[in-house]
$ cat model-v4.cif   # mmCIF, C-alpha atoms and all ligand atoms
data_final
loop_
_atom_site.label_atom_id
_atom_site.label_comp_id
_atom_site.auth_asym_id
_atom_site.auth_seq_id
_atom_site.Cartn_x
_atom_site.Cartn_y
_atom_site.Cartn_z
CA MET T 73 1.79 -59.86 -10.21
CA ALA T 74 -0.38 -56.91 -11.21
CA THR T 75 0.66 -54.46 -13.93
CA VAL T 76 -0.49 -50.87 -14.51
CA LYS T 77 -3.08 -52.22 -16.96
CA ASP T 78 -4.75 -54.15 -14.12
CA PHE T 79 -5.42 -50.86 -12.29
CA LYS T 80 -6.89 -49.06 -15.33
CA GLY T 81 -10.63 -48.46 -15.60
CA ASP T 82 -12.54 -47.99 -18.83
CA SER T 83 -12.88 -44.25 -19.42
CA SER T 84 -12.79 -40.81 -17.88
CA THR T 85 -14.61 -37.49 -18.30
CA TRP T 86 -11.69 -35.32 -17.20
CA CYS T 87 -10.74 -32.50 -19.63
CA PRO T 88 -7.72 -33.19 -21.86
CA GLY T 89 -4.64 -31.92 -20.01
CA CYS T 90 -6.20 -32.06 -16.52
CA GLY T 91 -3.51 -32.72 -13.90
CA ASP T 92 -5.60 -35.49 -12.38
CA TYR T 93 -4.62 -37.89 -15.20
CA SER T 94 -1.02 -37.78 -14.02
CA VAL T 95 -2.05 -38.34 -10.42
CA MET T 96 -3.94 -41.47 -11.40
CA ALA T 97 -1.03 -42.69 -13.55
CA ALA T 98 1.39 -42.12 -10.66
CA LEU T 99 -0.89 -43.90 -8.20
CA GLN T 100 -1.24 -46.89 -10.51
CA LYS T 101 2.53 -47.07 -11.04
CA ALA T 102 3.22 -46.72 -7.31
CA ALA T 103 0.83 -49.58 -6.55
CA VAL T 104 2.60 -51.79 -9.11
CA ASN T 105 6.04 -50.85 -7.80
CA LEU T 106 4.96 -51.85 -4.31
CA GLY T 107 3.64 -55.20 -5.54
CA LEU T 108 0.04 -54.41 -4.57
CA GLU T 109 -2.91 -56.14 -6.23
CA PRO T 110 -6.16 -54.32 -7.12
CA HIS T 111 -8.15 -56.30 -4.52
CA GLU T 112 -5.80 -55.15 -1.75
CA ILE T 113 -6.67 -51.46 -2.26
CA VAL T 114 -9.78 -49.38 -1.63
CA THR T 115 -9.97 -45.87 -3.08
CA VAL T 116 -12.43 -43.60 -1.25
CA THR T 117 -13.39 -40.17 -2.59
CA GLY T 118 -15.70 -37.23 -1.94
CA ILE T 119 -17.21 -35.00 -4.64
CA GLY T 120 -15.44 -33.03 -7.36
CA CYS T 121 -13.60 -33.67 -10.62
CA SER T 122 -10.68 -35.38 -8.88
CA SER T 123 -13.01 -37.44 -6.70
CA LYS T 124 -14.03 -39.36 -9.80
CA ILE T 125 -10.71 -41.19 -9.48
CA SER T 126 -12.43 -43.86 -7.36
CA GLU T 127 -14.48 -44.75 -10.44
CA TYR T 128 -11.57 -44.68 -12.86
CA MET T 129 -9.23 -46.84 -10.78
CA ARG T 130 -9.77 -50.60 -10.96
CA THR T 131 -9.58 -51.20 -7.21
CA TYR T 132 -12.31 -51.41 -4.61
CA GLY T 133 -13.86 -47.95 -4.59
CA PHE T 134 -16.36 -45.79 -2.75
CA HIS T 135 -17.51 -42.45 -4.19
CA THR T 136 -18.98 -40.89 -1.05
CA LEU T 137 -20.47 -37.50 -0.14
CA HIS T 138 -18.91 -34.07 -0.46
CA GLY T 139 -16.07 -33.75 2.06
CA ARG T 140 -16.69 -37.19 3.54
CA SER T 141 -13.95 -39.32 2.03
CA LEU T 142 -11.94 -39.42 5.26
CA PRO T 143 -14.65 -40.72 7.63
CA VAL T 144 -15.52 -43.48 5.16
CA ALA T 145 -11.86 -44.31 4.52
CA GLN T 146 -11.22 -44.55 8.26
CA GLY T 147 -14.23 -46.82 8.66
CA ALA T 148 -12.91 -49.10 5.91
CA LYS T 149 -9.51 -49.29 7.59
CA MET T 150 -11.07 -50.05 10.98
CA ALA T 151 -13.19 -52.81 9.45
CA ASN T 152 -10.34 -54.39 7.52
CA PRO T 153 -6.81 -53.30 8.48
CA ASN T 154 -5.39 -55.57 5.78
CA LEU T 155 -6.61 -53.19 3.06
CA LYS T 156 -4.42 -50.42 1.71
CA VAL T 157 -6.81 -47.51 2.12
CA ILE T 158 -6.45 -44.42 -0.06
CA ALA T 159 -8.66 -41.36 0.40
CA ALA T 160 -8.57 -38.88 -2.45
CA GLY T 161 -10.26 -35.71 -3.69
CA GLY T 162 -9.82 -32.05 -4.38
CA ASP T 163 -8.92 -28.97 -2.38
CA GLY T 164 -12.54 -27.79 -2.19
CA ASP T 165 -13.70 -31.18 -0.95
CA GLY T 166 -10.89 -31.75 1.53
CA TYR T 167 -10.04 -28.28 2.82
CA GLY T 168 -13.51 -26.74 2.64
CA ILE T 169 -16.38 -28.89 3.83
CA GLY T 170 -13.97 -31.71 4.75
CA LEU T 171 -11.50 -29.70 6.81
CA GLY T 172 -12.87 -30.83 10.18
CA HIS T 173 -12.49 -34.49 9.21
CA PHE T 174 -8.98 -33.76 7.92
CA ASN T 175 -7.76 -32.43 11.26
CA HIS T 176 -9.20 -35.34 13.21
CA ALA T 177 -7.87 -38.03 10.86
CA VAL T 178 -4.45 -36.37 11.08
CA ARG T 179 -4.29 -36.32 14.87
CA ARG T 180 -5.67 -39.89 15.06
CA ASN T 181 -2.75 -41.11 12.92
CA ILE T 182 -4.86 -43.82 11.34
CA ASP T 183 -2.97 -45.76 8.69
CA ILE T 184 -4.39 -44.33 5.46
CA THR T 185 -3.00 -42.22 2.62
CA TYR T 186 -4.77 -39.01 1.63
CA LEU T 187 -4.11 -37.66 -1.88
CA VAL T 188 -5.42 -34.14 -2.44
CA MET T 189 -5.51 -32.92 -6.03
CA ASP T 190 -5.09 -29.23 -5.35
CA ASN T 191 -6.04 -27.06 -8.32
CA GLN T 192 -6.95 -24.01 -6.22
CA ILE T 193 -10.42 -23.78 -7.72
CA TYR T 194 -13.76 -25.62 -7.86
CA GLY T 195 -13.54 -27.33 -11.26
CA LEU T 196 -16.65 -29.54 -11.34
CA THR T 197 -19.00 -26.60 -10.72
CA LYS T 198 -17.23 -24.53 -13.41
CA GLY T 199 -14.64 -22.38 -11.74
CA GLN T 200 -15.46 -20.80 -8.39
CA THR T 201 -13.00 -19.64 -5.73
CA SER T 202 -11.97 -22.52 -3.46
CA PRO T 203 -10.39 -22.64 0.03
CA ARG T 204 -7.01 -22.88 -1.70
CA SER T 205 -7.47 -19.95 -4.11
CA ASN T 206 -4.98 -17.14 -3.62
CA HIS T 207 -5.89 -13.79 -2.12
CA GLY T 208 -7.03 -11.55 -4.98
CA PHE T 209 -7.97 -14.51 -7.23
CA VAL T 210 -10.71 -13.46 -9.66
CA THR T 211 -13.55 -15.81 -10.53
CA LYS T 212 -17.29 -15.50 -11.15
CA THR T 213 -17.83 -15.64 -7.35
CA THR T 214 -15.04 -13.17 -6.52
CA GLN T 215 -15.23 -10.64 -9.35
CA LYS T 216 -13.31 -8.02 -7.37
CA GLY T 217 -10.74 -10.54 -6.22
CA ASN T 218 -10.80 -13.08 -3.39
CA LYS T 219 -10.84 -11.29 -0.02
CA GLU T 220 -9.89 -14.43 1.92
CA TYR T 221 -6.47 -16.02 2.33
CA PRO T 222 -5.96 -19.69 1.41
CA VAL T 223 -5.93 -22.62 3.81
CA ASP T 224 -2.39 -23.91 4.32
CA PRO T 225 -2.82 -27.70 4.41
CA LEU T 226 0.87 -28.45 4.99
CA SER T 227 1.41 -26.45 8.15
CA THR T 228 -2.09 -27.35 9.37
CA ALA T 229 -1.27 -31.05 9.05
CA ILE T 230 2.17 -30.68 10.60
CA SER T 231 0.94 -28.66 13.57
CA ASN T 232 -1.86 -31.18 14.20
CA GLY T 233 0.62 -34.06 14.48
CA CYS T 234 0.60 -35.54 10.96
CA THR T 235 3.32 -38.21 10.70
CA PHE T 236 3.91 -37.91 6.91
CA VAL T 237 3.47 -34.67 4.99
CA ALA T 238 4.49 -34.27 1.36
CA GLN T 239 3.71 -32.05 -1.59
CA ALA T 240 4.03 -32.98 -5.25
CA PHE T 241 3.23 -31.70 -8.75
CA SER T 242 1.37 -33.58 -11.46
CA GLY T 243 3.78 -32.10 -14.04
CA ASP T 244 6.49 -34.33 -12.52
CA VAL T 245 5.04 -37.83 -12.70
CA LYS T 246 8.28 -39.54 -11.71
CA GLY T 247 8.67 -37.45 -8.56
CA LEU T 248 4.97 -37.82 -7.79
CA THR T 249 5.15 -41.61 -8.14
CA GLU T 250 8.09 -41.81 -5.75
CA ILE T 251 6.30 -39.67 -3.17
CA ILE T 252 3.06 -41.67 -3.42
CA GLU T 253 5.05 -44.88 -2.96
CA LYS T 254 6.63 -43.55 0.22
CA ALA T 255 3.24 -42.32 1.45
CA LEU T 256 1.68 -45.76 0.86
CA GLU T 257 4.54 -47.42 2.73
CA HIS T 258 4.27 -45.08 5.69
CA LYS T 259 2.59 -46.53 8.78
CA GLY T 260 0.12 -43.89 9.95
CA PHE T 261 -1.69 -41.00 8.27
CA SER T 262 0.11 -39.75 5.18
CA LEU T 263 -0.86 -36.57 3.33
CA VAL T 264 0.25 -35.83 -0.21
CA ASN T 265 -0.96 -32.44 -1.40
CA ILE T 266 -0.58 -32.43 -5.18
CA PHE T 267 -0.60 -29.32 -7.36
CA SER T 268 -2.79 -30.66 -10.14
CA PRO T 269 -3.69 -27.88 -12.58
CA CYS T 270 -7.25 -27.30 -13.77
CA VAL T 271 -6.48 -26.34 -17.37
CA THR T 272 -10.05 -25.29 -18.09
CA PHE T 273 -10.83 -22.83 -15.29
CA ASN T 274 -7.60 -21.80 -13.52
CA LYS T 275 -5.47 -19.70 -15.86
CA ILE T 276 -3.16 -18.50 -13.06
CA ASN T 277 -1.90 -21.66 -11.33
CA THR T 278 -0.83 -23.41 -14.52
CA TYR T 279 1.83 -26.03 -15.32
CA ASP T 280 4.17 -23.20 -16.35
CA PHE T 281 3.51 -21.33 -13.11
CA PHE T 282 4.47 -24.36 -11.01
CA ARG T 283 7.50 -25.20 -13.17
CA GLU T 284 8.74 -21.67 -12.57
CA HIS T 285 7.98 -21.35 -8.86
CA LEU T 286 8.24 -24.74 -7.15
CA VAL T 287 11.30 -25.39 -5.01
CA LYS T 288 12.35 -29.01 -4.46
CA VAL T 289 13.14 -30.24 -0.96
CA ASP T 290 15.62 -33.14 -1.01
CA GLU T 291 15.04 -34.46 2.48
CA PRO T 292 12.43 -33.96 5.19
CA PHE T 293 12.88 -31.15 7.69
CA HIS T 294 14.08 -32.30 11.12
CA THR T 295 11.45 -30.65 13.29
CA ARG T 296 7.86 -29.58 12.89
CA GLU T 297 8.84 -25.99 13.74
CA GLU T 298 11.50 -25.89 11.02
CA ALA T 299 9.12 -27.40 8.46
CA ILE T 300 6.39 -24.86 9.19
CA GLN T 301 8.85 -21.97 9.13
CA ILE T 302 10.23 -22.89 5.68
CA ILE T 303 6.76 -23.65 4.28
CA LYS T 304 5.65 -20.16 5.31
CA GLN T 305 8.82 -18.54 3.95
CA GLN T 306 8.33 -20.25 0.57
CA GLN T 307 4.58 -19.50 0.52
CA GLY T 308 3.87 -23.22 0.35
CA LEU T 309 5.54 -23.65 -3.04
CA LEU T 310 7.67 -26.65 -2.10
CA THR T 311 7.76 -30.20 -3.42
CA GLY T 312 9.10 -33.29 -1.73
CA ILE T 313 8.61 -35.14 1.53
CA LEU T 314 8.53 -32.33 4.06
CA PHE T 315 8.08 -34.07 7.40
CA VAL T 316 8.06 -37.67 8.66
CA GLU T 317 7.72 -39.13 12.13
CA GLU T 318 7.62 -42.81 13.06
CA ARG T 319 4.89 -43.30 15.63
CA GLU T 320 2.38 -46.03 16.56
CA ASP T 321 -0.71 -45.73 14.41
CA PHE T 322 -4.24 -45.62 15.78
CA GLN T 323 -4.96 -49.33 15.48
CA GLU T 324 -1.61 -50.36 16.96
CA GLN T 325 -2.40 -48.19 19.95
CA LEU T 326 -5.74 -49.94 20.40
CA GLY T 327 -3.82 -53.23 20.61
CA ILE T 328 -6.58 -55.39 19.16
CA ASP T 329 -5.92 -58.49 17.02
CA TRP T 330 -8.25 -57.35 14.23
CA ASN T 331 -7.90 -60.51 12.20
CA MET T 332 -8.88 -62.86 15.01
CA LEU T 333 -11.73 -60.51 15.91
CA ALA T 334 -13.02 -60.71 12.33
CA VAL T 335 -12.86 -64.51 12.44
CA LYS T 336 -14.65 -64.58 15.79
CA GLU T 337 -17.40 -62.28 14.53
CA GLY T 338 -17.78 -64.27 11.33
CA SER T 339 -16.88 -61.51 8.82
CA MET T 340 -13.80 -63.52 7.79
CA ASP T 341 -13.17 -67.27 7.91
CA GLU T 342 -9.86 -68.97 8.73
CA GLY T 343 -9.14 -69.48 5.00
CA GLN T 344 -9.51 -65.76 4.22
CA LEU T 345 -7.31 -64.91 7.18
CA ARG T 346 -4.59 -67.25 5.90
CA SER T 347 -4.81 -65.73 2.40
CA PHE T 348 -4.07 -62.27 3.87
CA GLU T 349 -1.20 -63.67 5.93
CA THR T 350 0.64 -65.29 3.00
FE1 LIG J 1 -9.73 -31.15 -14.55
FE2 LIG J 1 -10.57 -28.61 -14.39
FE3 LIG J 1 -11.51 -30.18 -16.32
FE4 LIG J 1 -12.23 -30.62 -13.80
S1 LIG J 1 -12.72 -28.81 -15.02
S2 LIG J 1 -11.60 -32.19 -15.28
S3 LIG J 1 -10.34 -30.08 -12.68
S4 LIG J 1 -9.38 -29.53 -16.06
MG MG J 2 -10.34 -27.93 -6.61
#

$ encode --input "model-v4.cif" --output "structure tokens"
Amino acid sequence: MATVKDFKGDSSTWCPGCGDYSVMAALQKAAVNLGLEPHEIVTVTGIGCSSKISEYMRTYGFHTLHGRSLPVAQGAKMANPNLKVIAAGGDGDGYGIGLGHFNHAVRRNIDITYLVMDNQIYGLTKGQTSPRSNHGFVTKTTQKGNKEYPVDPLSTAISNGCTFVAQAFSGDVKGLTEIIEKALEHKGFSLVNIFSPCVTFNKINTYDFFREHLVKVDEPFHTREEAIQIIKQQQGLLTGILFVEEREDFQEQLGIDWNMLAVKEGSMDEGQLRSFET
């Protein structure tokens, strides 16, 4: 059985203190807790500091184009439904250029987990305003303060039919690990938006800020309407599993025996099929 060490890559270029370290640690621990092996997982990412996680995790990995983690992740899941498919990246990648893909993956309810490391800034390109930066946020690109209001990924996902929506904080690795575990177990599209501070460029949304302002939700809200209402009331500063719905995923709805199809087409032989089934 795999241990956390089996999921660890060789090195990283993240800044000391970056929240993304805790996200990777939580993901590795969650995989171990669920009894997953490195070869059963593919980690697909876009572009940005956090998107480097596909290189630092010792699983199958695909570091794709900016904003394109979700199309590639969905393709991987369609090709091999036996894989545990994780898409990951930052708020700029996922809620900027990738926002169109996000909405369609959500409504498709394809069985993948999407981890967004939300630091409310573009870190890799040295600190510009992102789609998640607050109104009034000052950076080199918004010297008089950001005139736009941030994307709200939680209510966007919920209103588009997402069947698992959670938010977590990289300053609480235990809570984050538990949420990632539940997201990986969920059948259908699961979103975990993770406040993951950029210690180098974002001096507003810091660990201390989140420790002071986040409100924990102990159980999911009962309806989409209730969830959206409370998210708005609390200005999105919630942690926990916010909404869950059990519903057939995309591939179940298609009703295809993907394993037998793979055998028939020659991309998998009977032996490989049996190894997945045991
Ligand atoms: Fe993390 Fe920010 Fe450094 Fe990028 S620039 S590695 S997001 S702390
Ligand atoms: Mg970012």

$ residues_near_ligand --input "model-v4.cif" --ligand "ligand LIG 1 (chain J)" --cutoff "12 Å" --atoms "all atoms listed in the file" --output "PyMOL selection string"
chain T and resi 84-95+119-125+161-164+189-200+242+267-275+277-279

$ closest_residue --input "model-v4.cif" --among "T:Pro222, T:Gly147, T:Pro292, T:Gly118" --to "T:Phe134" --atoms "only C-alpha atoms"
T:Gly118

$ closest_residue --input "model-v4.cif" --among "T:Arg204, T:Lys156, T:Lys80, T:Arg296" --to "ligand MG 2 (chain J)" --atoms "all atoms listed in the file"
T:Arg204

$ closest_residue --input "model-v4.cif" --among "T:Gly107, T:Asn265, T:Val178, T:Gly81" --to "ligand MG 2 (chain J)" --atoms "all atoms listed in the file"
T:Asn265

$ atom_distance --input "model-v4.cif" --atom1 "atom CA of T:Ile252" --atom2 "atom CA of T:Val104"
11.6 Å

$ residues_around --input "model-v4.cif" --residues "T:Gln146" --least-positions-apart "5" --cutoff "9 Å" --atoms "only C-alpha atoms" --output "compact mmCIF listing (two decimals) with C-alpha atoms, in the frame of the given file"
# COMPACT_ATOMS: atom_id res chain seq x y z
CA SER T 141 -13.95 -39.32 2.03
CA ALA T 151 -13.19 -52.81 9.45
CA VAL T 157 -6.81 -47.51 2.12
CA ALA T 159 -8.66 -41.36 0.40
CA ALA T 177 -7.87 -38.03 10.86
CA ILE T 182 -4.86 -43.82 11.34
CA ASP T 183 -2.97 -45.76 8.69
CA ILE T 184 -4.39 -44.33 5.46

$ atom_distance --input "model-v4.cif" --atom1 "atom CA of T:Pro110" --atom2 "atom CA of T:Met129"
8.9 Å

$ closest_residue --input "model-v4.cif" --among "T:Thr131, T:Leu106, T:Lys149, T:Val335" --to "T:Phe79" --atoms "all atoms listed in the file"
T:Thr131

$ atom_distance --input "model-v4.cif" --atom1 "atom CA of T:Ala98" --atom2 "atom CA of T:Phe293"
24.3 Å

$ axis_aligned_box --input "model-v4.cif" --around "stretch 137-155 of chain T" --padding-each-side "4 Å" --output "AutoDock Vina command-line options"
--center_x -12.9 --center_y -44.7 --center_z 5.3 --size_x 23.1 --size_y 29.8 --size_z 19.4

$ residues_near_point --input "model-v4.cif" --point "(-13.2, -53.4, 11.7)" --cutoff "9 Å" --atoms "all atoms listed in the file" --output "list of chain:residue names"
T:Gly147, T:Ala148, T:Lys149, T:Met150, T:Ala151, T:Asn152, T:Pro153, T:Trp330, T:Asn331, T:Leu333, T:Ala334

$ residues_around --input "model-v4.cif" --residues "T:Glu109" --least-positions-apart "6" --cutoff "12 Å" --atoms "all atoms listed in the file" --output "list in words"
Met73, Ala74, Thr75, Val76, Lys77, Asp78, Phe79, Gln100, Lys101, Ala102, Ala103, Arg130, Thr131, Tyr132, Leu155, Lys156 and Phe348 of chain T

$ closest_residue --input "model-v4.cif" --among "T:Thr214, T:Ser83, T:Asn181, T:Ser205" --to "ligand MG 2 (chain J)" --atoms "only C-alpha atoms and all ligand atoms"
T:Ser205

$ closest_residue --input "model-v4.cif" --among "T:Thr185, T:Gln323, T:Gln239, T:Ser339" --to "T:Asp290" --atoms "all atoms listed in the file"
T:Gln239
